[in-house]
$ cat input_2.tsv   # TSV, C-alpha atoms
chain	number	residue	atom	x	y	z
A	1	MET	CA	-83.19	-89.04	-127.97
A	2	THR	CA	-81.35	-89.42	-124.71
A	3	ALA	CA	-82.65	-92.91	-124.18
A	4	SER	CA	-81.52	-93.97	-127.65
A	5	ASN	CA	-77.96	-92.78	-126.97
A	6	THR	CA	-77.66	-94.60	-123.67
A	7	PRO	CA	-76.66	-98.01	-125.12
A	8	VAL	CA	-74.04	-96.30	-127.31
A	9	ASN	CA	-72.58	-94.44	-124.36
A	10	ASP	CA	-72.55	-97.60	-122.27
A	11	ALA	CA	-70.75	-99.48	-125.06
A	12	THR	CA	-68.20	-96.69	-125.41
A	13	GLU	CA	-67.57	-96.66	-121.66
A	14	ASP	CA	-67.18	-100.44	-121.69
A	15	ARG	CA	-64.61	-100.31	-124.51
A	16	TYR	CA	-62.76	-97.52	-122.72
A	17	SER	CA	-62.69	-99.53	-119.52
A	18	VAL	CA	-61.37	-102.57	-121.39
A	19	LEU	CA	-58.66	-100.47	-123.03
A	20	VAL	CA	-57.67	-98.94	-119.69
A	21	SER	CA	-57.57	-102.37	-118.10
A	22	GLU	CA	-55.46	-103.80	-120.93
A	23	ALA	CA	-53.06	-100.84	-120.77
A	24	ALA	CA	-52.70	-101.24	-117.00
A	25	SER	CA	-52.13	-104.95	-117.40
A	26	ALA	CA	-49.50	-104.38	-120.11
A	27	ARG	CA	-47.83	-101.78	-117.87
A	28	ARG	CA	-47.69	-104.21	-114.95
A	29	ILE	CA	-46.24	-106.93	-117.16
A	30	ARG	CA	-43.62	-104.50	-118.49
A	31	VAL	CA	-42.70	-103.42	-114.96
A	32	ILE	CA	-42.38	-107.03	-113.82
A	33	LYS	CA	-40.20	-107.88	-116.84
A	34	ASN	CA	-37.97	-104.88	-116.16
A	35	VAL	CA	-37.66	-105.78	-112.48
A	36	LEU	CA	-36.70	-109.36	-113.33
A	37	LEU	CA	-34.29	-108.25	-116.05
A	38	TYR	CA	-32.50	-105.70	-113.90
A	39	THR	CA	-32.39	-108.09	-110.96
A	40	PHE	CA	-30.75	-110.68	-113.19
A	41	LEU	CA	-28.28	-108.09	-114.53
A	42	ILE	CA	-27.42	-106.89	-111.02
A	43	VAL	CA	-26.78	-110.47	-109.88
A	44	CYS	CA	-24.55	-111.07	-112.91
A	45	ALA	CA	-22.68	-107.79	-112.32
A	46	LEU	CA	-22.09	-108.69	-108.66
A	47	ALA	CA	-20.84	-112.14	-109.68
A	48	VAL	CA	-18.39	-110.56	-112.13
A	49	LEU	CA	-17.24	-107.73	-109.85
A	50	PHE	CA	-16.95	-109.72	-106.63
A	51	PRO	CA	-13.53	-111.28	-107.47
A	52	PHE	CA	-12.15	-107.79	-108.08
A	53	TYR	CA	-13.58	-106.54	-104.80
A	54	TRP	CA	-12.15	-109.55	-102.97
A	55	MET	CA	-8.75	-109.01	-104.61
A	56	ILE	CA	-8.61	-105.35	-103.53
A	57	LEU	CA	-9.95	-106.15	-100.05
A	58	THR	CA	-7.37	-108.89	-99.51
A	59	SER	CA	-4.56	-106.59	-100.67
A	60	LEU	CA	-5.51	-104.13	-97.90
A	61	LYS	CA	-5.28	-106.72	-95.10
A	62	THR	CA	-2.15	-107.60	-93.17
A	63	GLN	CA	-0.82	-111.11	-93.49
A	64	GLY	CA	-1.55	-111.79	-89.85
A	65	ALA	CA	-5.12	-110.55	-90.09
A	66	TYR	CA	-5.72	-112.58	-93.22
A	67	ASN	CA	-4.30	-115.78	-91.75
A	68	ALA	CA	-6.27	-115.27	-88.52
A	69	GLU	CA	-9.61	-115.27	-90.33
A	70	VAL	CA	-11.37	-118.57	-89.71
A	71	THR	CA	-14.41	-117.29	-91.59
A	72	PRO	CA	-13.64	-114.90	-94.49
A	73	LYS	CA	-14.58	-111.30	-93.70
A	74	PHE	CA	-15.99	-109.08	-96.43
A	75	PHE	CA	-14.54	-105.87	-94.98
A	76	THR	CA	-11.58	-104.68	-92.94
A	77	LEU	CA	-11.43	-102.01	-90.26
A	78	GLU	CA	-7.63	-101.66	-90.43
A	79	PRO	CA	-6.61	-101.32	-94.09
A	80	THR	CA	-2.91	-101.08	-94.93
A	81	LEU	CA	-0.87	-100.18	-98.01
A	82	ALA	CA	2.23	-102.02	-96.81
A	83	ASN	CA	1.51	-104.91	-99.17
A	84	TYR	CA	1.89	-102.62	-102.18
A	85	THR	CA	5.29	-101.48	-101.00
A	86	GLU	CA	6.34	-105.07	-100.48
A	87	ALA	CA	5.16	-106.02	-103.96
A	88	PHE	CA	7.62	-103.55	-105.51
A	89	THR	CA	10.52	-104.33	-103.18
A	90	ALA	CA	10.38	-108.13	-103.05
A	91	VAL	CA	11.12	-108.43	-106.78
A	92	PRO	CA	12.00	-105.87	-109.50
A	93	LEU	CA	8.35	-105.31	-110.38
A	94	ALA	CA	9.11	-101.88	-111.87
A	95	ARG	CA	11.46	-103.53	-114.39
A	96	TYR	CA	8.76	-106.03	-115.29
A	97	PHE	CA	6.45	-103.09	-115.94
A	98	LEU	CA	8.99	-101.42	-118.24
A	99	ASN	CA	9.55	-104.68	-120.10
A	100	THR	CA	5.81	-105.13	-120.54
A	101	PHE	CA	5.32	-101.54	-121.75
A	102	PHE	CA	8.07	-101.98	-124.33
A	103	PHE	CA	6.82	-105.39	-125.45
A	104	THR	CA	3.23	-104.17	-125.70
A	105	ALA	CA	4.03	-100.94	-127.55
A	106	VAL	CA	6.37	-102.47	-130.14
A	107	THR	CA	4.22	-105.55	-130.72
A	108	THR	CA	1.04	-103.53	-131.13
A	109	LEU	CA	2.66	-101.03	-133.51
A	110	ALA	CA	4.23	-103.76	-135.66
A	111	MET	CA	0.98	-105.74	-135.76
A	112	MET	CA	-1.06	-102.69	-136.81
A	113	VAL	CA	1.25	-102.11	-139.78
A	114	VAL	CA	1.02	-105.75	-140.84
A	115	ILE	CA	-2.74	-106.16	-140.50
A	116	VAL	CA	-3.56	-102.80	-142.15
A	117	LEU	CA	-1.53	-103.67	-145.24
A	118	ALA	CA	-2.90	-107.23	-145.35
A	119	ALA	CA	-6.52	-106.13	-144.88
A	120	PHE	CA	-6.15	-103.48	-147.60
A	121	ALA	CA	-4.71	-106.04	-150.00
A	122	PHE	CA	-7.59	-108.46	-149.43
A	123	ALA	CA	-10.27	-105.73	-149.48
A	124	ARG	CA	-9.25	-103.54	-152.44
A	125	MET	CA	-6.41	-104.99	-154.49
A	126	SER	CA	-7.21	-107.48	-157.24
A	127	PHE	CA	-4.89	-110.43	-157.83
A	128	PRO	CA	-5.43	-114.00	-159.07
A	129	GLY	CA	-6.82	-116.34	-156.43
A	130	ARG	CA	-7.51	-113.60	-153.88
A	131	ASN	CA	-10.63	-115.26	-152.47
A	132	ILE	CA	-8.97	-118.67	-152.34
A	133	VAL	CA	-5.92	-117.25	-150.58
A	134	PHE	CA	-8.13	-115.43	-148.08
A	135	SER	CA	-10.15	-118.59	-147.42
A	136	LEU	CA	-6.97	-120.54	-146.79
A	137	PHE	CA	-5.81	-117.69	-144.60
A	138	LEU	CA	-8.99	-117.89	-142.52
A	139	SER	CA	-8.56	-121.63	-142.19
A	140	LEU	CA	-5.51	-120.91	-140.02
A	141	MET	CA	-7.95	-119.91	-137.29
A	142	MET	CA	-8.91	-123.58	-137.04
A	143	ILE	CA	-5.40	-124.61	-135.99
A	144	PRO	CA	-5.15	-125.09	-132.19
A	145	ASN	CA	-3.04	-122.44	-130.52
A	146	GLU	CA	-0.94	-125.10	-128.81
A	147	LEU	CA	0.39	-126.29	-132.18
A	148	VAL	CA	1.30	-122.73	-133.14
A	149	VAL	CA	3.10	-122.21	-129.84
A	150	ILE	CA	5.16	-125.36	-130.36
A	151	THR	CA	6.09	-124.35	-133.91
A	152	ASN	CA	7.01	-120.83	-132.83
A	153	TYR	CA	9.08	-122.15	-129.95
A	154	VAL	CA	11.09	-124.44	-132.21
A	155	THR	CA	11.62	-121.64	-134.73
A	156	ILE	CA	12.65	-118.98	-132.22
A	157	THR	CA	14.95	-121.41	-130.41
A	158	SER	CA	16.62	-122.45	-133.65
A	159	TRP	CA	17.25	-118.77	-134.44
A	160	ASN	CA	18.89	-118.27	-131.02
A	161	MET	CA	16.31	-115.68	-130.00
A	162	ARG	CA	15.42	-117.01	-126.58
A	163	ASN	CA	15.70	-114.39	-123.85
A	164	THR	CA	15.44	-111.55	-126.36
A	165	PHE	CA	12.72	-108.99	-126.98
A	166	LEU	CA	12.80	-109.92	-130.66
A	167	GLY	CA	11.93	-113.49	-129.78
A	168	LEU	CA	9.07	-112.26	-127.61
A	169	ILE	CA	7.69	-109.91	-130.25
A	170	LEU	CA	7.99	-111.70	-133.61
A	171	PRO	CA	5.32	-114.42	-133.13
A	172	SER	CA	2.78	-111.79	-132.05
A	173	ILE	CA	2.93	-109.25	-134.88
A	174	THR	CA	0.06	-110.67	-136.90
A	175	SER	CA	-3.46	-111.94	-136.28
A	176	VAL	CA	-5.83	-113.66	-138.70
A	177	PHE	CA	-8.85	-112.50	-136.73
A	178	TYR	CA	-7.82	-108.84	-136.70
A	179	ILE	CA	-7.05	-108.94	-140.43
A	180	TYR	CA	-10.51	-110.38	-141.04
A	181	LEU	CA	-12.15	-107.77	-138.81
A	182	LEU	CA	-10.36	-104.89	-140.53
A	183	LYS	CA	-10.98	-106.30	-144.01
A	184	GLU	CA	-14.72	-106.42	-143.31
A	185	ASN	CA	-14.56	-102.80	-142.20
A	186	PHE	CA	-12.59	-101.70	-145.27
A	187	GLU	CA	-15.16	-103.38	-147.52
A	188	GLN	CA	-17.90	-101.20	-146.06
A	189	ILE	CA	-16.22	-98.15	-147.61
A	190	PRO	CA	-17.79	-97.54	-151.07
A	191	GLU	CA	-15.60	-98.86	-153.84
A	192	GLU	CA	-16.52	-95.78	-155.91
A	193	LEU	CA	-14.21	-93.74	-153.68
A	194	TYR	CA	-11.33	-96.04	-154.56
A	195	LYS	CA	-12.08	-95.86	-158.29
A	196	ALA	CA	-12.38	-92.07	-158.16
A	197	ALA	CA	-9.08	-91.84	-156.32
A	198	LYS	CA	-7.39	-94.04	-158.94
A	199	VAL	CA	-8.79	-91.82	-161.73
A	200	ASP	CA	-7.25	-88.80	-159.97
A	201	GLY	CA	-3.91	-90.57	-159.93
A	202	THR	CA	-3.85	-91.31	-156.18
A	203	SER	CA	-1.60	-94.18	-155.24
A	204	ASP	CA	-2.92	-97.12	-153.22
A	205	PHE	CA	-0.78	-96.18	-150.25
A	206	LYS	CA	-1.95	-92.56	-150.23
A	207	TYR	CA	-5.59	-93.67	-150.57
A	208	LEU	CA	-5.11	-96.03	-147.63
A	209	LEU	CA	-3.63	-93.29	-145.44
A	210	ARG	CA	-5.95	-90.44	-146.38
A	211	VAL	CA	-9.28	-92.18	-146.91
A	212	MET	CA	-9.55	-95.69	-145.49
A	213	LEU	CA	-7.70	-95.27	-142.21
A	214	PRO	CA	-9.59	-92.13	-141.09
A	215	ILE	CA	-12.94	-93.74	-141.92
A	216	SER	CA	-11.96	-96.96	-140.11
A	217	LYS	CA	-10.64	-95.19	-137.01
A	218	PRO	CA	-13.12	-96.78	-134.54
A	219	THR	CA	-12.16	-100.28	-135.64
A	220	LEU	CA	-8.46	-99.43	-135.56
A	221	VAL	CA	-8.79	-98.08	-132.02
A	222	THR	CA	-10.67	-101.21	-130.98
A	223	ILE	CA	-8.03	-103.54	-132.43
A	224	THR	CA	-5.26	-101.52	-130.81
A	225	ILE	CA	-6.88	-101.71	-127.38
A	226	LEU	CA	-7.62	-105.42	-127.68
A	227	LYS	CA	-4.03	-106.10	-128.74
A	228	VAL	CA	-2.68	-104.07	-125.84
A	229	ILE	CA	-4.81	-106.14	-123.46
A	230	GLU	CA	-3.66	-109.34	-125.14
A	231	CYS	CA	0.01	-108.39	-124.87
A	232	TRP	CA	-0.33	-107.23	-121.28
A	233	ASN	CA	-1.95	-110.52	-120.26
A	234	SER	CA	0.41	-112.70	-122.29
A	235	TYR	CA	1.73	-115.51	-120.14
A	236	VAL	CA	2.36	-118.81	-121.92
A	237	TRP	CA	4.67	-117.54	-124.67
A	238	PRO	CA	6.84	-115.28	-122.45
A	239	ARG	CA	7.06	-118.09	-119.93
A	240	LEU	CA	8.32	-120.49	-122.59
A	241	ILE	CA	10.76	-118.21	-124.34
A	242	THR	CA	12.35	-116.43	-121.36
A	243	ASP	CA	14.07	-117.66	-118.25
A	244	ASP	CA	16.15	-114.52	-117.74
A	245	LYS	CA	14.58	-112.12	-115.21
A	246	ASN	CA	15.76	-109.16	-117.30
A	247	TYR	CA	13.10	-110.09	-119.89
A	248	TYR	CA	10.24	-111.05	-117.59
A	249	LEU	CA	6.86	-109.45	-118.17
A	250	VAL	CA	4.40	-108.62	-115.40
A	251	SER	CA	2.47	-111.83	-115.99
A	252	ASN	CA	5.64	-113.85	-115.41
A	253	GLY	CA	6.59	-111.53	-112.58
A	254	ILE	CA	3.58	-112.78	-110.62
A	255	GLN	CA	5.01	-116.30	-110.66
A	256	GLU	CA	8.45	-114.95	-109.71
A	257	ILE	CA	6.91	-113.05	-106.81
A	258	ARG	CA	5.17	-116.18	-105.62
A	259	GLN	CA	8.26	-118.35	-105.83
A	260	ASN	CA	11.15	-116.08	-104.93
A	261	GLY	CA	9.54	-112.93	-103.57
A	262	PHE	CA	7.55	-113.02	-100.36
A	263	GLY	CA	6.53	-116.67	-100.62
A	264	ARG	CA	3.38	-118.64	-101.20
A	265	ASP	CA	1.77	-117.82	-97.86
A	266	ASN	CA	1.69	-114.03	-98.13
A	267	ILE	CA	-1.59	-113.87	-100.04
A	268	PRO	CA	-2.31	-110.17	-99.28
A	269	ALA	CA	0.99	-109.09	-100.82
A	270	MET	CA	0.30	-111.31	-103.82
A	271	MET	CA	-3.10	-109.69	-104.26
A	272	ALA	CA	-1.49	-106.26	-104.04
A	273	ALA	CA	0.83	-107.16	-106.91
A	274	VAL	CA	-2.12	-108.42	-108.94
A	275	VAL	CA	-4.02	-105.18	-108.30
A	276	VAL	CA	-1.06	-103.10	-109.46
A	277	ILE	CA	-0.76	-105.17	-112.64
A	278	SER	CA	-4.51	-105.06	-113.34
A	279	VAL	CA	-5.08	-101.33	-112.82
A	280	PRO	CA	-3.65	-100.15	-116.21
A	281	LEU	CA	-5.95	-102.49	-118.14
A	282	VAL	CA	-9.01	-101.53	-116.12
A	283	ILE	CA	-8.32	-97.83	-116.71
A	284	LEU	CA	-7.70	-98.46	-120.41
A	285	PHE	CA	-10.99	-100.30	-120.79
A	286	LEU	CA	-12.99	-97.70	-118.87
A	287	LEU	CA	-11.58	-94.90	-120.99
A	288	PHE	CA	-12.15	-96.58	-124.34
A	289	ARG	CA	-15.09	-98.94	-123.74
A	290	ASN	CA	-17.34	-96.98	-126.11
A	291	LYS	CA	-14.72	-97.15	-128.86
A	292	ILE	CA	-14.37	-100.90	-128.36
A	293	MET	CA	-18.10	-101.48	-128.72
A	294	GLU	CA	-18.36	-99.15	-131.70
A	295	GLY	CA	-15.43	-100.73	-133.50
A	296	VAL	CA	-16.65	-104.29	-132.98
A	297	SER	CA	-20.16	-103.41	-134.20
A	298	ARG	CA	-18.77	-101.64	-137.28
A	299	GLY	CA	-16.44	-104.52	-138.08
A	300	GLY	CA	-19.15	-107.12	-137.77
A	301	THR	CA	-21.85	-105.32	-139.77
A	302	LYS	CA	-21.91	-105.02	-143.52
A	303	GLY	CA	-23.94	-102.58	-145.56
$ encode --input "input_2.tsv" --output "structure tokens"
Amino acid sequence: MTASNTPVNDATEDRYSVLVSEAASARRIRVIKNVLLYTFLIVCALAVLFPFYWMILTSLKTQGAYNAEVTPKFFTLEPTLANYTEAFTAVPLARYFLNTFFFTAVTTLAMMVVIVLAAFAFARMSFPGRNIVFSLFLSLMMIPNELVVITNYVTITSWNMRNTFLGLILPSITSVFYIYLLKENFEQIPEELYKAAKVDGTSDFKYLLRVMLPISKPTLVTITILKVIECWNSYVWPRLITDDKNYYLVSNGIQEIRQNGFGRDNIPAMMAAVVVISVPLVILFLLFRNKIMEGVSRGGTKG
């Protein structure tokens, strides 16, 4: 009896050994893949973060120490904050900040009103040729931005709105992409809710405020943050439409600092100004990064 079971036991042990060997091999392959993946991600992260590190490091060096470096040094033993003081005193950087805050807040608020109403109209309201109009509307995304800038410049100039906040704001209060993103999100809301609301006598505007906007909050937050970043980094349009320092934004202030502030050679002070301008956006992104990812995924997924 024992002899007859020996081949069976040997076969079972052999299969067990093979399974253990395959599991160990799969584990090693998985570990190697993870090591390679995380090594690649770390290298990419260092490549992305290094310019920020170099910007902050340079802003903490004195001009003399920076100019004396024959070989760039990746650290400093004598950091200084004098460059940050100079960045605010060489030019009216605080005024540029206030101008940018005002421009960003008003532009973002106006754009949100426009795109919410437009997205609701395309998503829920029925009118002849809606799909054709929306397709033509999307085709505007194919127009190069340079052509739009030229058209806007001619229009704003002809309306005598150069060197005004209204001239800065008007061309930026709508976005085809954001309307499309919000429309896709609105369409994910069951249409039965809209029909039930209409049966109860709810107006379109009340349904939009009480049902669609609360449900679409992640996408709305995402669009708001992206628009704030876009306005804060705006350079070409403010540079074209303003030559009065009273209407300069921080992006244009950098050029003013370089030309009429502390000169082209004071790189540490320039980097200090760039750090000051970049900090609000970095903080904003770190605080709301989860909302941005959630809103983009919701806007780009149907069902």
$ axis_aligned_box --input "input_2.tsv" --around "region 265-275 of chain A" --padding-each-side "6 Å" --output "lines of an AutoDock Vina configuration file"
center_x = -1.1
center_y = -111.5
center_z = -103.4
size_x = 17.8
size_y = 24.6
size_z = 23.1
$ residues_around --input "input_2.tsv" --residues "Pro214 (chain A)" --least-positions-apart "6" --cutoff "12 Å" --atoms "only C-alpha atoms" --output "list of chain:residue names"
A:Asn185, A:Phe186, A:Ile189, A:Lys206, A:Tyr207, A:Leu208, A:Leu220, A:Val221
$ closest_residue --input "input_2.tsv" --among "A:Ile223, A:Val116, A:Asn67, A:Phe74" --to "Tyr53 (chain A)" --atoms "all atoms listed in the file"
A:Phe74
$ residues_around --input "input_2.tsv" --residues "region 78-85 of chain A" --least-positions-apart "6" --cutoff "7 Å" --atoms "only C-alpha atoms" --output "list in words"
Ser59, Leu60, Lys61, Thr62, Pro268, Ala269, Ala272 and Ala273 of chain A
$ atom_distance --input "input_2.tsv" --atom1 "CA of Leu226 (chain A)" --atom2 "CA of Val176 (chain A)"
13.9 Å
$ closest_residue --input "input_2.tsv" --among "A:Arg258, A:Lys33, A:Arg15, A:Lys227" --to "Phe177 (chain A)" --atoms "all atoms listed in the file"
A:Lys227
$ atom_distance --input "input_2.tsv" --atom1 "CA of Ile169 (chain A)" --atom2 "CA of Lys183 (chain A)"
23.5 Å
